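**Student:** input_22.pdb is reproduced in full below (PDB, C-alpha atoms).
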```
MODEL        1
ATOM      1  CA  MET O  15      24.185   0.253  18.013  1.00  0.00           C
ATOM      2  CA  ALA O  16      22.196   2.685  20.142  1.00  0.00           C
ATOM      3  CA  ALA O  17      18.413   2.902  20.085  1.00  0.00           C
ATOM      4  CA  GLN O  18      16.267   5.845  21.147  1.00  0.00           C
ATOM      5  CA  ALA O  19      12.707   7.083  21.318  1.00  0.00           C
ATOM      6  CA  ARG O  20      11.279   3.597  21.516  1.00  0.00           C
ATOM      7  CA  SER O  21       7.533   3.407  21.143  1.00  0.00           C
ATOM      8  CA  ILE O  22       5.288   0.374  21.237  1.00  0.00           C
ATOM      9  CA  GLN O  23       2.019   0.403  19.314  1.00  0.00           C
ATOM     10  CA  PRO O  24      -0.734  -2.196  19.229  1.00  0.00           C
ATOM     11  CA  ILE O  25      -1.861  -3.732  15.926  1.00  0.00           C
ATOM     12  CA  ARG O  26      -5.427  -4.817  16.598  1.00  0.00           C
ATOM     13  CA  ASN O  27      -7.402  -3.334  13.700  1.00  0.00           C
ATOM     14  CA  GLN O  28      -7.096  -1.580  10.340  1.00  0.00           C
ATOM     15  CA  GLU O  29      -6.888   1.863  11.912  1.00  0.00           C
ATOM     16  CA  ASP O  30      -3.792   0.667  13.795  1.00  0.00           C
ATOM     17  CA  ILE O  31      -2.115  -0.091  10.454  1.00  0.00           C
ATOM     18  CA  VAL O  32      -2.688   3.539   9.438  1.00  0.00           C
ATOM     19  CA  ARG O  33      -1.199   4.674  12.779  1.00  0.00           C
ATOM     20  CA  VAL O  34       1.876   2.478  12.260  1.00  0.00           C
ATOM     21  CA  ARG O  35       2.399   4.124   8.862  1.00  0.00           C
ATOM     22  CA  GLN O  36       2.068   7.586  10.428  1.00  0.00           C
ATOM     23  CA  THR O  37       4.510   6.920  13.288  1.00  0.00           C
ATOM     24  CA  THR O  38       7.021   5.304  10.935  1.00  0.00           C
ATOM     25  CA  ARG O  39       6.820   8.358   8.671  1.00  0.00           C
ATOM     26  CA  GLU O  40       7.421  10.721  11.626  1.00  0.00           C
ATOM     27  CA  ARG O  41      10.466   8.738  12.744  1.00  0.00           C
ATOM     28  CA  ALA O  42      11.929   8.541   9.236  1.00  0.00           C
ATOM     29  CA  VAL O  43      11.512  12.308   8.867  1.00  0.00           C
ATOM     30  CA  ALA O  44      13.163  12.840  12.289  1.00  0.00           C
ATOM     31  CA  GLN O  45      16.164  10.819  11.103  1.00  0.00           C
ATOM     32  CA  GLY O  46      16.491  12.934   7.966  1.00  0.00           C
ATOM     33  CA  PHE O  47      15.442  10.251   5.466  1.00  0.00           C
ATOM     34  CA  SER O  48      14.965  11.291   1.832  1.00  0.00           C
ATOM     35  CA  LEU O  49      11.389  11.134   0.522  1.00  0.00           C
ATOM     36  CA  VAL O  50      12.129   7.880  -1.332  1.00  0.00           C
ATOM     37  CA  ASP O  51      13.640   6.254   1.776  1.00  0.00           C
ATOM     38  CA  GLN O  52      10.681   7.450   3.889  1.00  0.00           C
ATOM     39  CA  THR O  53       8.279   5.927   1.389  1.00  0.00           C
ATOM     40  CA  LYS O  54      10.140   2.608   1.342  1.00  0.00           C
ATOM     41  CA  ILE O  55      10.221   2.136   5.119  1.00  0.00           C
ATOM     42  CA  VAL O  56       6.598   3.291   5.517  1.00  0.00           C
ATOM     43  CA  THR O  57       5.465   0.879   2.797  1.00  0.00           C
ATOM     44  CA  ALA O  58       7.411  -1.990   4.393  1.00  0.00           C
ATOM     45  CA  ALA O  59       5.851  -1.089   7.771  1.00  0.00           C
ATOM     46  CA  SER O  60       2.387  -1.162   6.222  1.00  0.00           C
ATOM     47  CA  GLU O  61       2.936  -4.617   4.712  1.00  0.00           C
ATOM     48  CA  LEU O  62       4.246  -6.105   7.949  1.00  0.00           C
ATOM     49  CA  ALA O  63       1.573  -4.462  10.100  1.00  0.00           C
ATOM     50  CA  ARG O  64      -1.098  -5.972   7.856  1.00  0.00           C
ATOM     51  CA  ASN O  65       0.566  -9.396   8.079  1.00  0.00           C
ATOM     52  CA  THR O  66       0.629  -9.095  11.875  1.00  0.00           C
ATOM     53  CA  LEU O  67      -3.108  -8.389  11.835  1.00  0.00           C
ATOM     54  CA  ASP O  68      -4.229 -10.809   9.110  1.00  0.00           C
ATOM     55  CA  TYR O  69      -1.968 -13.791   9.758  1.00  0.00           C
ATOM     56  CA  GLY O  70      -0.786 -13.259  13.334  1.00  0.00           C
ATOM     57  CA  GLY O  71      -4.219 -12.374  14.699  1.00  0.00           C
ATOM     58  CA  GLY O  72      -2.885  -9.013  15.904  1.00  0.00           C
ATOM     59  CA  GLY O  73       0.150  -8.068  17.945  1.00  0.00           C
ATOM     60  CA  GLU O  74       2.371  -5.065  18.420  1.00  0.00           C
ATOM     61  CA  VAL O  75       5.203  -3.157  16.850  1.00  0.00           C
ATOM     62  CA  THR O  76       8.186  -1.488  18.507  1.00  0.00           C
ATOM     63  CA  ILE O  77       9.463   1.510  16.566  1.00  0.00           C
ATOM     64  CA  GLU O  78      12.928   2.882  17.379  1.00  0.00           C
ATOM     65  CA  LEU O  79      15.457   5.382  16.131  1.00  0.00           C
ATOM     66  CA  ILE O  80      18.822   3.659  15.726  1.00  0.00           C
ATOM     67  CA  PHE O  81      22.317   5.119  15.573  1.00  0.00           C
ATOM     68  CA  GLU O  82      25.653   3.606  14.625  1.00  0.00           C
ATOM     69  CA  GLY O  83      28.537   6.036  14.381  1.00  0.00           C
ATOM     70  CA  ALA O  84      27.323   8.771  12.057  1.00  0.00           C
ATOM     71  CA  ARG O  85      24.592   6.537  10.594  1.00  0.00           C
ATOM     72  CA  LYS O  86      20.958   7.082  11.483  1.00  0.00           C
ATOM     73  CA  GLY O  87      18.139   4.671  10.904  1.00  0.00           C
ATOM     74  CA  VAL O  88      14.717   3.406  11.916  1.00  0.00           C
ATOM     75  CA  ARG O  89      14.010  -0.090  13.208  1.00  0.00           C
ATOM     76  CA  LEU O  90      10.624  -1.765  13.507  1.00  0.00           C
ATOM     77  CA  THR O  91      10.005  -5.018  15.323  1.00  0.00           C
ATOM     78  CA  PHE O  92       6.646  -6.758  14.788  1.00  0.00           C
ATOM     79  CA  VAL O  93       5.580  -9.420  17.250  1.00  0.00           C
ATOM     80  CA  ASP O  94       2.497 -11.615  17.251  1.00  0.00           C
ATOM     81  CA  ARG O  95       1.372 -14.733  19.081  1.00  0.00           C
ATOM     82  CA  GLY O  96      -0.361 -16.224  16.086  1.00  0.00           C
ATOM     83  CA  PRO O  97       0.036 -19.629  14.439  1.00  0.00           C
ATOM     84  CA  GLY O  98       3.616 -18.926  13.339  1.00  0.00           C
ATOM     85  CA  ILE O  99       5.153 -19.661   9.952  1.00  0.00           C
ATOM     86  CA  ALA O 100       5.882 -23.311   9.229  1.00  0.00           C
ATOM     87  CA  ASP O 101       8.203 -22.775   6.276  1.00  0.00           C
ATOM     88  CA  ILE O 102       9.969 -19.391   6.340  1.00  0.00           C
ATOM     89  CA  GLU O 103      11.831 -19.986   3.055  1.00  0.00           C
ATOM     90  CA  GLN O 104       8.536 -20.538   1.288  1.00  0.00           C
ATOM     91  CA  ALA O 105       6.867 -17.581   3.033  1.00  0.00           C
ATOM     92  CA  LEU O 106       9.607 -15.298   1.716  1.00  0.00           C
ATOM     93  CA  LYS O 107       8.949 -16.198  -1.911  1.00  0.00           C
ATOM     94  CA  ASP O 108       7.143 -13.685  -4.110  1.00  0.00           C
ATOM     95  CA  GLY O 109       3.569 -14.735  -4.671  1.00  0.00           C
ATOM     96  CA  PHE O 110       3.335 -17.195  -1.796  1.00  0.00           C
ATOM     97  CA  THR O 111       0.297 -16.647   0.411  1.00  0.00           C
ATOM     98  CA  THR O 112      -1.868 -18.659   2.755  1.00  0.00           C
ATOM     99  CA  GLY O 113      -4.499 -15.921   2.674  1.00  0.00           C
ATOM    100  CA  ASN O 114      -6.049 -14.015  -0.201  1.00  0.00           C
ATOM    101  CA  GLY O 115      -3.380 -11.346  -0.673  1.00  0.00           C
ATOM    102  CA  LEU O 116      -0.805 -11.045  -3.404  1.00  0.00           C
ATOM    103  CA  GLY O 117       1.955 -12.734  -1.437  1.00  0.00           C
ATOM    104  CA  LEU O 118       4.182  -9.670  -1.688  1.00  0.00           C
ATOM    105  CA  GLY O 119       4.064  -8.479   1.920  1.00  0.00           C
ATOM    106  CA  LEU O 120       6.985 -10.371   3.401  1.00  0.00           C
ATOM    107  CA  SER O 121       9.205 -10.538   0.322  1.00  0.00           C
ATOM    108  CA  GLY O 122       8.423  -6.927  -0.591  1.00  0.00           C
ATOM    109  CA  ALA O 123       9.119  -5.669   2.936  1.00  0.00           C
ATOM    110  CA  ARG O 124      12.468  -7.442   2.847  1.00  0.00           C
ATOM    111  CA  ARG O 125      13.403  -5.778  -0.450  1.00  0.00           C
ATOM    112  CA  LEU O 126      12.407  -2.369   0.910  1.00  0.00           C
ATOM    113  CA  SER O 127      14.601  -2.744   4.023  1.00  0.00           C
ATOM    114  CA  ASN O 128      18.365  -2.743   4.573  1.00  0.00           C
ATOM    115  CA  GLU O 129      18.130  -5.307   7.370  1.00  0.00           C
ATOM    116  CA  PHE O 130      15.574  -8.032   7.798  1.00  0.00           C
ATOM    117  CA  SER O 131      15.251 -10.841  10.316  1.00  0.00           C
ATOM    118  CA  ILE O 132      12.491 -13.277  11.063  1.00  0.00           C
ATOM    119  CA  GLU O 133      11.948 -15.745  13.890  1.00  0.00           C
ATOM    120  CA  SER O 134       8.907 -17.939  14.041  1.00  0.00           C
ATOM    121  CA  LYS O 135       7.749 -21.001  15.899  1.00  0.00           C
ATOM    122  CA  PRO O 136       4.636 -22.855  14.806  1.00  0.00           C
ATOM    123  CA  GLY O 137       1.994 -22.435  17.480  1.00  0.00           C
ATOM    124  CA  GLU O 138       3.900 -19.681  19.309  1.00  0.00           C
ATOM    125  CA  GLY O 139       4.100 -16.693  17.028  1.00  0.00           C
ATOM    126  CA  THR O 140       6.328 -14.637  14.797  1.00  0.00           C
ATOM    127  CA  LYS O 141       8.815 -11.825  15.298  1.00  0.00           C
ATOM    128  CA  ILE O 142       9.986  -9.813  12.300  1.00  0.00           C
ATOM    129  CA  ALA O 143      12.499  -6.967  12.558  1.00  0.00           C
ATOM    130  CA  ILE O 144      13.426  -4.561   9.770  1.00  0.00           C
ATOM    131  CA  ALA O 145      15.763  -1.591   9.682  1.00  0.00           C
ATOM    132  CA  ARG O 146      16.462   1.042   7.114  1.00  0.00           C
ATOM    133  CA  TRP O 147      19.390   3.431   7.271  1.00  0.00           C
ATOM    134  CA  ARG O 148      19.511   6.951   5.903  1.00  0.00           C
TER     135      ARG O 148
ATOM    136  CA  MET S   7     -18.484   5.926   8.100  1.00  0.00           C
ATOM    137  CA  ASP S   8     -16.254   8.099   5.943  1.00  0.00           C
ATOM    138  CA  LYS S   9     -16.387   7.693   2.197  1.00  0.00           C
ATOM    139  CA  ILE S  10     -14.298   8.821  -0.710  1.00  0.00           C
ATOM    140  CA  PRO S  11     -16.409  11.062  -2.963  1.00  0.00           C
ATOM    141  CA  ILE S  12     -16.955  10.095  -6.595  1.00  0.00           C
ATOM    142  CA  LEU S  13     -17.640  13.004  -8.940  1.00  0.00           C
ATOM    143  CA  ARG S  14     -19.284  12.716 -12.321  1.00  0.00           C
ATOM    144  CA  MET S  15     -17.859  14.687 -15.245  1.00  0.00           C
ATOM    145  CA  GLY S  16     -19.853  13.944 -18.384  1.00  0.00           C
ATOM    146  CA  GLN S  17     -19.347  10.292 -19.215  1.00  0.00           C
ATOM    147  CA  PHE S  18     -16.459   9.951 -16.761  1.00  0.00           C
ATOM    148  CA  LEU S  19     -16.170   9.422 -13.021  1.00  0.00           C
ATOM    149  CA  LEU S  20     -13.474  11.255 -11.099  1.00  0.00           C
ATOM    150  CA  VAL S  21     -12.045  10.110  -7.781  1.00  0.00           C
ATOM    151  CA  THR S  22      -9.446  11.999  -5.808  1.00  0.00           C
ATOM    152  CA  ILE S  23      -7.946  10.020  -2.946  1.00  0.00           C
ATOM    153  CA  GLN S  24      -6.802  12.519  -0.352  1.00  0.00           C
ATOM    154  CA  VAL S  25      -6.662  10.510   2.856  1.00  0.00           C
ATOM    155  CA  ASP S  26      -4.446   7.730   4.127  1.00  0.00           C
ATOM    156  CA  MET S  27      -7.029   4.977   3.550  1.00  0.00           C
ATOM    157  CA  HIS S  28      -7.522   2.091   5.896  1.00  0.00           C
ATOM    158  CA  ASP S  29      -8.306  -1.180   4.163  1.00  0.00           C
ATOM    159  CA  ARG S  30     -12.082  -1.086   4.638  1.00  0.00           C
ATOM    160  CA  LEU S  31     -12.275   2.376   3.086  1.00  0.00           C
ATOM    161  CA  ALA S  32     -10.356   1.101   0.061  1.00  0.00           C
ATOM    162  CA  MET S  33     -12.763  -1.831  -0.322  1.00  0.00           C
ATOM    163  CA  GLN S  34     -15.714   0.543   0.021  1.00  0.00           C
ATOM    164  CA  LEU S  35     -14.348   2.696  -2.789  1.00  0.00           C
ATOM    165  CA  GLN S  36     -14.000  -0.377  -5.001  1.00  0.00           C
ATOM    166  CA  ASP S  37     -17.661  -1.290  -4.405  1.00  0.00           C
ATOM    167  CA  ASP S  38     -18.940   2.276  -4.776  1.00  0.00           C
ATOM    168  CA  LEU S  39     -17.088   2.781  -8.049  1.00  0.00           C
ATOM    169  CA  THR S  40     -18.447  -0.348  -9.693  1.00  0.00           C
ATOM    170  CA  ASP S  41     -21.983   0.674  -8.613  1.00  0.00           C
ATOM    171  CA  ARG S  42     -21.534   4.151 -10.012  1.00  0.00           C
ATOM    172  CA  ILE S  43     -20.105   2.937 -13.343  1.00  0.00           C
ATOM    173  CA  VAL S  44     -23.321   1.012 -13.904  1.00  0.00           C
ATOM    174  CA  ARG S  45     -25.720   3.600 -12.472  1.00  0.00           C
ATOM    175  CA  ASP S  46     -24.159   6.582 -14.306  1.00  0.00           C
ATOM    176  CA  ARG S  47     -23.382   4.534 -17.449  1.00  0.00           C
ATOM    177  CA  ALA S  48     -19.850   5.872 -17.200  1.00  0.00           C
ATOM    178  CA  HIS S  49     -17.326   5.017 -19.889  1.00  0.00           C
ATOM    179  CA  GLY S  50     -14.257   6.011 -17.938  1.00  0.00           C
ATOM    180  CA  VAL S  51     -12.850   6.315 -14.432  1.00  0.00           C
ATOM    181  CA  LEU S  52     -10.057   8.678 -13.503  1.00  0.00           C
ATOM    182  CA  ILE S  53      -8.358   8.089 -10.158  1.00  0.00           C
ATOM    183  CA  ASP S  54      -6.129  10.880  -8.886  1.00  0.00           C
ATOM    184  CA  ILE S  55      -3.594   9.537  -6.381  1.00  0.00           C
ATOM    185  CA  SER S  56      -1.341  12.607  -6.286  1.00  0.00           C
ATOM    186  CA  SER S  57      -2.025  13.041  -2.549  1.00  0.00           C
ATOM    187  CA  LEU S  58      -1.230   9.418  -1.728  1.00  0.00           C
ATOM    188  CA  GLU S  59       2.132   9.126   0.003  1.00  0.00           C
ATOM    189  CA  VAL S  60       2.057   5.348   0.231  1.00  0.00           C
ATOM    190  CA  VAL S  61       0.715   2.670  -2.096  1.00  0.00           C
ATOM    191  CA  ASP S  62       1.240  -0.724  -0.509  1.00  0.00           C
ATOM    192  CA  SER S  63       0.237  -4.102  -1.943  1.00  0.00           C
ATOM    193  CA  PHE S  64      -3.311  -3.771  -0.593  1.00  0.00           C
ATOM    194  CA  ILE S  65      -3.966  -0.402  -2.234  1.00  0.00           C
ATOM    195  CA  GLY S  66      -2.149  -1.588  -5.351  1.00  0.00           C
ATOM    196  CA  ARG S  67      -4.413  -4.598  -5.568  1.00  0.00           C
ATOM    197  CA  MET S  68      -7.468  -2.387  -5.086  1.00  0.00           C
ATOM    198  CA  ILE S  69      -6.372  -0.194  -8.017  1.00  0.00           C
ATOM    199  CA  SER S  70      -5.841  -3.262 -10.227  1.00  0.00           C
ATOM    200  CA  ASN S  71      -9.226  -4.654  -9.176  1.00  0.00           C
ATOM    201  CA  ILE S  72     -11.011  -1.399  -9.989  1.00  0.00           C
ATOM    202  CA  ALA S  73      -9.414  -1.369 -13.459  1.00  0.00           C
ATOM    203  CA  ALA S  74     -10.370  -5.001 -14.069  1.00  0.00           C
ATOM    204  CA  MET S  75     -13.970  -4.553 -12.874  1.00  0.00           C
ATOM    205  CA  ALA S  76     -14.355  -1.353 -14.895  1.00  0.00           C
ATOM    206  CA  ARG S  77     -13.110  -3.150 -18.003  1.00  0.00           C
ATOM    207  CA  VAL S  78     -15.719  -5.854 -17.564  1.00  0.00           C
ATOM    208  CA  LEU S  79     -18.325  -3.097 -17.231  1.00  0.00           C
ATOM    209  CA  ASP S  80     -17.117  -1.520 -20.489  1.00  0.00           C
ATOM    210  CA  ALA S  81     -15.298   1.415 -18.875  1.00  0.00           C
ATOM    211  CA  GLN S  82     -11.651   2.503 -19.044  1.00  0.00           C
ATOM    212  CA  THR S  83      -9.577   3.388 -15.980  1.00  0.00           C
ATOM    213  CA  VAL S  84      -6.680   5.807 -15.815  1.00  0.00           C
ATOM    214  CA  VAL S  85      -4.651   6.451 -12.651  1.00  0.00           C
ATOM    215  CA  VAL S  86      -2.982   9.848 -12.512  1.00  0.00           C
ATOM    216  CA  GLY S  87      -0.504  11.755 -10.379  1.00  0.00           C
ATOM    217  CA  MET S  88       1.537   8.979  -8.821  1.00  0.00           C
ATOM    218  CA  GLN S  89       4.378  10.513  -6.814  1.00  0.00           C
ATOM    219  CA  PRO S  90       7.867   9.496  -8.019  1.00  0.00           C
ATOM    220  CA  ALA S  91       8.797   8.068  -4.586  1.00  0.00           C
ATOM    221  CA  VAL S  92       5.651   5.947  -4.675  1.00  0.00           C
ATOM    222  CA  ALA S  93       6.479   4.670  -8.173  1.00  0.00           C
ATOM    223  CA  ILE S  94      10.029   3.706  -7.133  1.00  0.00           C
ATOM    224  CA  THR S  95       8.733   1.910  -4.045  1.00  0.00           C
ATOM    225  CA  LEU S  96       5.987   0.065  -5.944  1.00  0.00           C
ATOM    226  CA  VAL S  97       8.470  -1.419  -8.376  1.00  0.00           C
ATOM    227  CA  GLU S  98      10.784  -2.525  -5.570  1.00  0.00           C
ATOM    228  CA  LEU S  99       7.835  -3.983  -3.692  1.00  0.00           C
ATOM    229  CA  GLY S 100       7.142  -6.085  -6.774  1.00  0.00           C
ATOM    230  CA  LEU S 101       3.822  -4.576  -7.854  1.00  0.00           C
ATOM    231  CA  SER S 102       3.429  -3.897 -11.542  1.00  0.00           C
ATOM    232  CA  LEU S 103      -0.205  -2.679 -11.633  1.00  0.00           C
ATOM    233  CA  ASP S 104      -0.857  -4.835 -14.680  1.00  0.00           C
ATOM    234  CA  GLY S 105      -3.616  -3.594 -16.912  1.00  0.00           C
ATOM    235  CA  VAL S 106      -3.755  -0.167 -15.273  1.00  0.00           C
ATOM    236  CA  ARG S 107      -3.226   2.830 -17.526  1.00  0.00           C
ATOM    237  CA  THR S 108      -1.453   5.796 -15.966  1.00  0.00           C
ATOM    238  CA  ALA S 109      -0.935   9.447 -16.846  1.00  0.00           C
ATOM    239  CA  LEU S 110       1.110  12.202 -15.234  1.00  0.00           C
ATOM    240  CA  ASN S 111      -1.774  14.503 -14.285  1.00  0.00           C
ATOM    241  CA  VAL S 112      -5.540  14.966 -14.484  1.00  0.00           C
ATOM    242  CA  ASP S 113      -5.431  16.853 -17.818  1.00  0.00           C
ATOM    243  CA  LYS S 114      -3.379  14.147 -19.501  1.00  0.00           C
ATOM    244  CA  GLY S 115      -5.508  11.443 -17.886  1.00  0.00           C
ATOM    245  CA  MET S 116      -8.729  13.003 -19.215  1.00  0.00           C
ATOM    246  CA  ALA S 117      -7.206  13.292 -22.690  1.00  0.00           C
ATOM    247  CA  LEU S 118      -6.195   9.625 -22.528  1.00  0.00           C
ATOM    248  CA  LEU S 119      -9.698   8.585 -21.432  1.00  0.00           C
ATOM    249  CA  ARG S 120     -11.285  10.586 -24.264  1.00  0.00           C
ATOM    250  CA  ASP S 121      -8.948   8.928 -26.785  1.00  0.00           C
ATOM    251  CA  GLN S 122      -9.743   5.492 -25.414  1.00  0.00           C
ATOM    252  CA  VAL S 123     -13.473   6.064 -25.585  1.00  0.00           C
ATOM    253  CA  ALA S 124     -13.248   7.524 -29.104  1.00  0.00           C
ATOM    254  CA  LEU S 125     -11.225   4.484 -30.173  1.00  0.00           C
ATOM    255  CA  ALA S 126     -13.967   2.276 -28.830  1.00  0.00           C
ATOM    256  CA  GLY S 127     -16.302   4.052 -31.285  1.00  0.00           C
ATOM    257  CA  ARG S 128     -18.386   6.183 -28.929  1.00  0.00           C
ATOM    258  CA  HIS S 129     -19.221   9.867 -29.089  1.00  0.00           C
TER     259      HIS S 129
ENDMDL
END
```
The structure given in the file should be rewritten as structure tokens.
**Tutor:**
Amino acid sequence: MAAQARSIQPIRNQEDIVRVRQTTRERAVAQGFSLVDQTKIVTAASELARNTLDYGGGGEVTIELIFEGARKGVRLTFVDRGPGIADIEQALKDGFTTGNGLGLGLSGARRLSNEFSIESKPGEGTKIAIARWR
Amino acid sequence: MDKIPILRMGQFLLVTIQVDMHDRLAMQLQDDLTDRIVRDRAHGVLIDISSLEVVDSFIGRMISNIAAMARVLDAQTVVVGMQPAVAITLVELGLSLDGVRTALNVDKGMALLRDQVALAGRH
């Protein structure tokens, strides 16, 4: 898989979440995504960016265009150095939250993506990568 | 700080969300709307989201909260103009917007609000 046009954006405040949505939209449009696919990846990006801020204490996201044969996609990788997730299985369940949200961010973002991976170590941080293909 | 304007139309309040809201702005709108329902003695709130390209769980929760608070304050809420791509994404995200009435456009939303208020026995 080849990756291009990599950009790294900080997630330090609420305005950064808006910027992550905007960049993700631009990249999805550049890859020729349909409006529905654009909306799905942008919504997933918004959920994960908010998690990075609210639960990870801030971090950054790497946004890339990905190519595999004739397939085109967008990949986002969120990294924080927050408290980490003790029980990933539980965190991926609908309705589970340690904060005051709806508990749909992680599970919803996974449903809205074609690829989803999560690595987390308690006390060290969390890395979540999603990809959606056209 | 920027604010989302709330217009009064008779006994209804009309809100058109035209910007990509950050979370604080969404919370501000929630507070402003509940204040205005009481101050203007409004019986209905119409929220036009036709310009919104993304409704994530935060915005979805704000919409549900507004509807719930309005109900407690004896006002009906109707959300109009949701884009089809947004509707598809919301369902996949797992948000059902429980207790929120929706209509296709502002005209239909106003008609629905009028019906609701008439049903509740007001003039």
**Student:** For chain O, which residue out of S:Ile12, S:Met75, S:Leu118, S:Ala32 is the nearest one, using all atoms listed in the file?
**Tutor:**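 Counting all atoms listed in the file, the residue closest to chain O is S:Ala32.
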**Student:** Need the shell around stretch 37-40 of chain S: protein/DNA/RNA residues with any atom at most 12 Å away, counting only C-alpha atoms. Skip same-chain ones fewer than 6 positions apart. Format as a PyMOL selection string?
**Tutor:** chain S and resi 9-14+18-21+30-31+46-53+68-69+71-83
**Student:** Which of these, S:Gln122, S:Ser63, S:Gln36, S:Ser70, has the shortest distance to chain O once you count only C-alpha atoms?
**Tutor:**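 Once distances to chain O are computed over only C-alpha atoms, the minimum belongs to S:Ser63.
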**Student:** Give me, please, the distance in Å between atom CA of O:Glu133 and atom CA of O:Gly98, quoted to one decimal.
**Tutor:**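 Atom CA of O:Gly98 lies at a distance of 8.9 Å from atom CA of O:Glu133.
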**Student:** Please report as CSV every residue of chain S lying within 6 Å of chain O, along with the nearest atom pair and their distance in Å (one decimal), using all atoms listed in the file.
**Tutor:**
```
residue,atom,partner,partner_atom,distance
S:His28,CA,O:Gln28,CA,5.8
S:Asp62,CA,O:Thr57,CA,5.6
S:Ala91,CA,O:Val50,CA,4.7
S:Thr95,CA,O:Lys54,CA,5.6
S:Leu99,CA,O:Gly122,CA,4.3
```
**Student:** Select, counting only C-alpha atoms, all protein, DNA and RNA residues no farther than 10 Å from (12.1, -3.3, 15.5) in file coordinates, and express the selection as number ranges by chain.
**Tutor:** O: 17, 20-22, 75-80, 88-93, 130-131, 141-145
